[in-house]
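> Right, I'll just put the structure down here and ask away after.
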Amino acid sequence: MKTCSTCVTENPNKNNFCSKCGAPFESEGEAEPISGTPDSSLLVKPVTSSDNGSYNYDRSQYNYNNTTQKSGDGDYSVVALLSLILAITGFFINPLYIFSVAALILGIIGAVNSKEYKNLATIGWILAIVSFITQFLLDIFCTLGLGIFC
């Protein structure tokens, strides 16, 4: 069996090209990298065989810990905090209920998508509902002439 040095696929000895990546086999058994490959460091290193017949792959160049990926809670911390700030602001300034509605939407998004900041987002959307109801009652009282703050 021939082993392709480009993709480390085993091929029958009769093949002149790799059955997976199409790299040509040279008469010595070593394949050249495919022309047009953007970076030779991306090519897979050849497999080495140990004395007991098992194969050892060089995995030192790969990071399997996924430490570079973010969990996503960093973005939702801002959403949860903004929901809380808008809900508190909605008690004092709430033109056309914009602050309450925005706080409610952001609070629900933060509560559904975040694990770490779920409580903060939940407080934000609950306060948004309370500020919406408070502002609505103040508007009714002011319309009827019963409001103290009108």
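Order determines the names: the first chain of the structure tokens is A, the second B, and so forth; residues in each chain are numbered 1 upward, and ligands are numbered 1 upward as they are shown.
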What's around A:Ala103 at 7 Å? Count only C-alpha atoms, leave out sequence neighbours fewer than 3 positions away in its own chain, and write the answer as a ChimeraX atom specification.

/A:83-84,86-87,99-100,106-107,124-125,128

> A:Leu138: which residues within 12 Å, counting only C-alpha atoms, same-chain residues fewer than 5 positions away excluded, as a list of chain:residue names?

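After dropping sequence-adjacent residues, the list is A:Phe91, A:Phe92, A:Ile93, A:Asn94, A:Tyr97, A:Ser131, A:Phe132, A:Ile133, A:Thr143, A:Leu144, A:Gly145, A:Leu146, A:Gly147, A:Ile148, A:Phe149, A:Cys150.
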
> Those residues with N, CA and C atoms, as an mmCIF file, in the first residue's frame please?


data_model
loop_
_atom_site.group_PDB
_atom_site.id
_atom_site.type_symbol
_atom_site.label_atom_id
_atom_site.label_comp_id
_atom_site.auth_asym_id
_atom_site.auth_seq_id
_atom_site.Cartn_x
_atom_site.Cartn_y
_atom_site.Cartn_z
ATOM 1 N N PHE A 91 -38.086 54.086 34.150
ATOM 2 C CA PHE A 91 -38.910 54.626 35.245
ATOM 3 C C PHE A 91 -38.930 56.147 35.228
ATOM 4 N N PHE A 92 -37.878 56.767 34.719
ATOM 5 C CA PHE A 92 -37.748 58.216 34.772
ATOM 6 C C PHE A 92 -37.970 58.875 33.411
ATOM 7 N N ILE A 93 -37.437 58.293 32.363
ATOM 8 C CA ILE A 93 -37.571 58.849 31.023
ATOM 9 C C ILE A 93 -38.047 57.713 30.133
ATOM 10 N N ASN A 94 -39.229 57.819 29.572
ATOM 11 C CA ASN A 94 -39.738 56.729 28.755
ATOM 12 C C ASN A 94 -40.613 57.273 27.624
ATOM 13 N N TYR A 97 -42.565 54.757 25.352
ATOM 14 C CA TYR A 97 -42.263 53.427 25.920
ATOM 15 C C TYR A 97 -41.066 52.747 25.226
ATOM 16 N N SER A 131 -41.609 49.007 34.627
ATOM 17 C CA SER A 131 -41.498 50.412 34.208
ATOM 18 C C SER A 131 -42.523 50.748 33.128
ATOM 19 N N PHE A 132 -42.821 49.775 32.259
ATOM 20 C CA PHE A 132 -43.850 49.985 31.238
ATOM 21 C C PHE A 132 -45.208 50.217 31.895
ATOM 22 N N ILE A 133 -45.568 49.392 32.858
ATOM 23 C CA ILE A 133 -46.860 49.525 33.542
ATOM 24 C C ILE A 133 -46.903 50.819 34.341
ATOM 25 N N THR A 143 -53.490 62.156 31.914
ATOM 26 C CA THR A 143 -54.531 62.460 30.938
ATOM 27 C C THR A 143 -55.836 62.823 31.639
ATOM 28 N N LEU A 144 -56.115 62.156 32.717
ATOM 29 C CA LEU A 144 -57.345 62.433 33.474
ATOM 30 C C LEU A 144 -57.200 63.607 34.434
ATOM 31 N N GLY A 145 -55.992 64.147 34.546
ATOM 32 C CA GLY A 145 -55.766 65.271 35.425
ATOM 33 C C GLY A 145 -55.573 64.854 36.871
ATOM 34 N N LEU A 146 -55.293 63.609 37.116
ATOM 35 C CA LEU A 146 -55.123 63.101 38.482
ATOM 36 C C LEU A 146 -53.658 62.925 38.871
ATOM 37 N N GLY A 147 -52.763 63.208 37.973
ATOM 38 C CA GLY A 147 -51.355 62.936 38.225
ATOM 39 C C GLY A 147 -50.697 63.984 39.071
ATOM 40 N N ILE A 148 -49.791 63.560 39.900
ATOM 41 C CA ILE A 148 -49.047 64.475 40.776
ATOM 42 C C ILE A 148 -47.853 65.040 40.009
ATOM 43 N N PHE A 149 -47.259 64.257 39.132
ATOM 44 C CA PHE A 149 -46.017 64.652 38.457
ATOM 45 C C PHE A 149 -46.263 65.271 37.085
ATOM 46 N N CYS A 150 -47.490 65.593 36.745
ATOM 47 C CA CYS A 150 -47.789 66.135 35.409
ATOM 48 C C CYS A 150 -47.563 67.610 35.335
#

> Take atom CA of A:Ala111 and atom CA of A:Ala80 and report the distance between them in Å, one decimal.

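Rounded to one decimal, the two atoms are 7.5 Å apart.
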
> Find the distance between atom CA of A:Val130 and atom CA of A:Ile105 and write it in Å to one decimal.

13.9 Å

> Provide the atom CA of A:Leu127 to atom CA of A:Lys115 distance in Å, to one decimal place.

19.5 Å

> Can you list, as a PyMOL selection string, every protein, DNA or RNA residue that comes within 6 Å of A:Val79 when you count only C-alpha atoms, leaving out same-chain residues fewer than 2 positions away?

chain A and resi 76-77+81-82+106+110

> Only N, CA and C atoms, please: the residues just picked out, written as a JSON list (two decimals), in the first residue's frame.


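Writing done, so here's out.json:
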[["chain", "number", "residue", "atom", "x", "y", "z"],
["A", 76, "TYR", "N", -23.31, 38.57, 25.58],
["A", 76, "TYR", "CA", -24.61, 38.66, 26.24],
["A", 76, "TYR", "C", -24.53, 39.34, 27.59],
["A", 77, "SER", "N", -23.33, 39.52, 28.14],
["A", 77, "SER", "CA", -23.21, 40.30, 29.37],
["A", 77, "SER", "C", -23.57, 41.76, 29.08],
["A", 81, "LEU", "N", -26.76, 43.70, 30.74],
["A", 81, "LEU", "CA", -26.52, 44.95, 31.45],
["A", 81, "LEU", "C", -27.28, 46.11, 30.81],
["A", 82, "LEU", "N", -27.30, 46.16, 29.50],
["A", 82, "LEU", "CA", -28.04, 47.21, 28.80],
["A", 82, "LEU", "C", -29.54, 47.10, 29.07],
["A", 106, "LEU", "N", -34.17, 43.15, 24.92],
["A", 106, "LEU", "CA", -32.78, 42.79, 25.26],
["A", 106, "LEU", "C", -32.73, 41.83, 26.45],
["A", 110, "GLY", "N", -31.07, 38.19, 26.29],
["A", 110, "GLY", "CA", -30.00, 37.83, 27.22],
["A", 110, "GLY", "C", -30.35, 36.65, 28.10]]

> Pick out the closest residue to A:Leu104 from this set: A:Cys18, A:Ile129, A:Cys4, A:Cys142. Count only C-alpha atoms.

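Closest candidate: A:Ile129.
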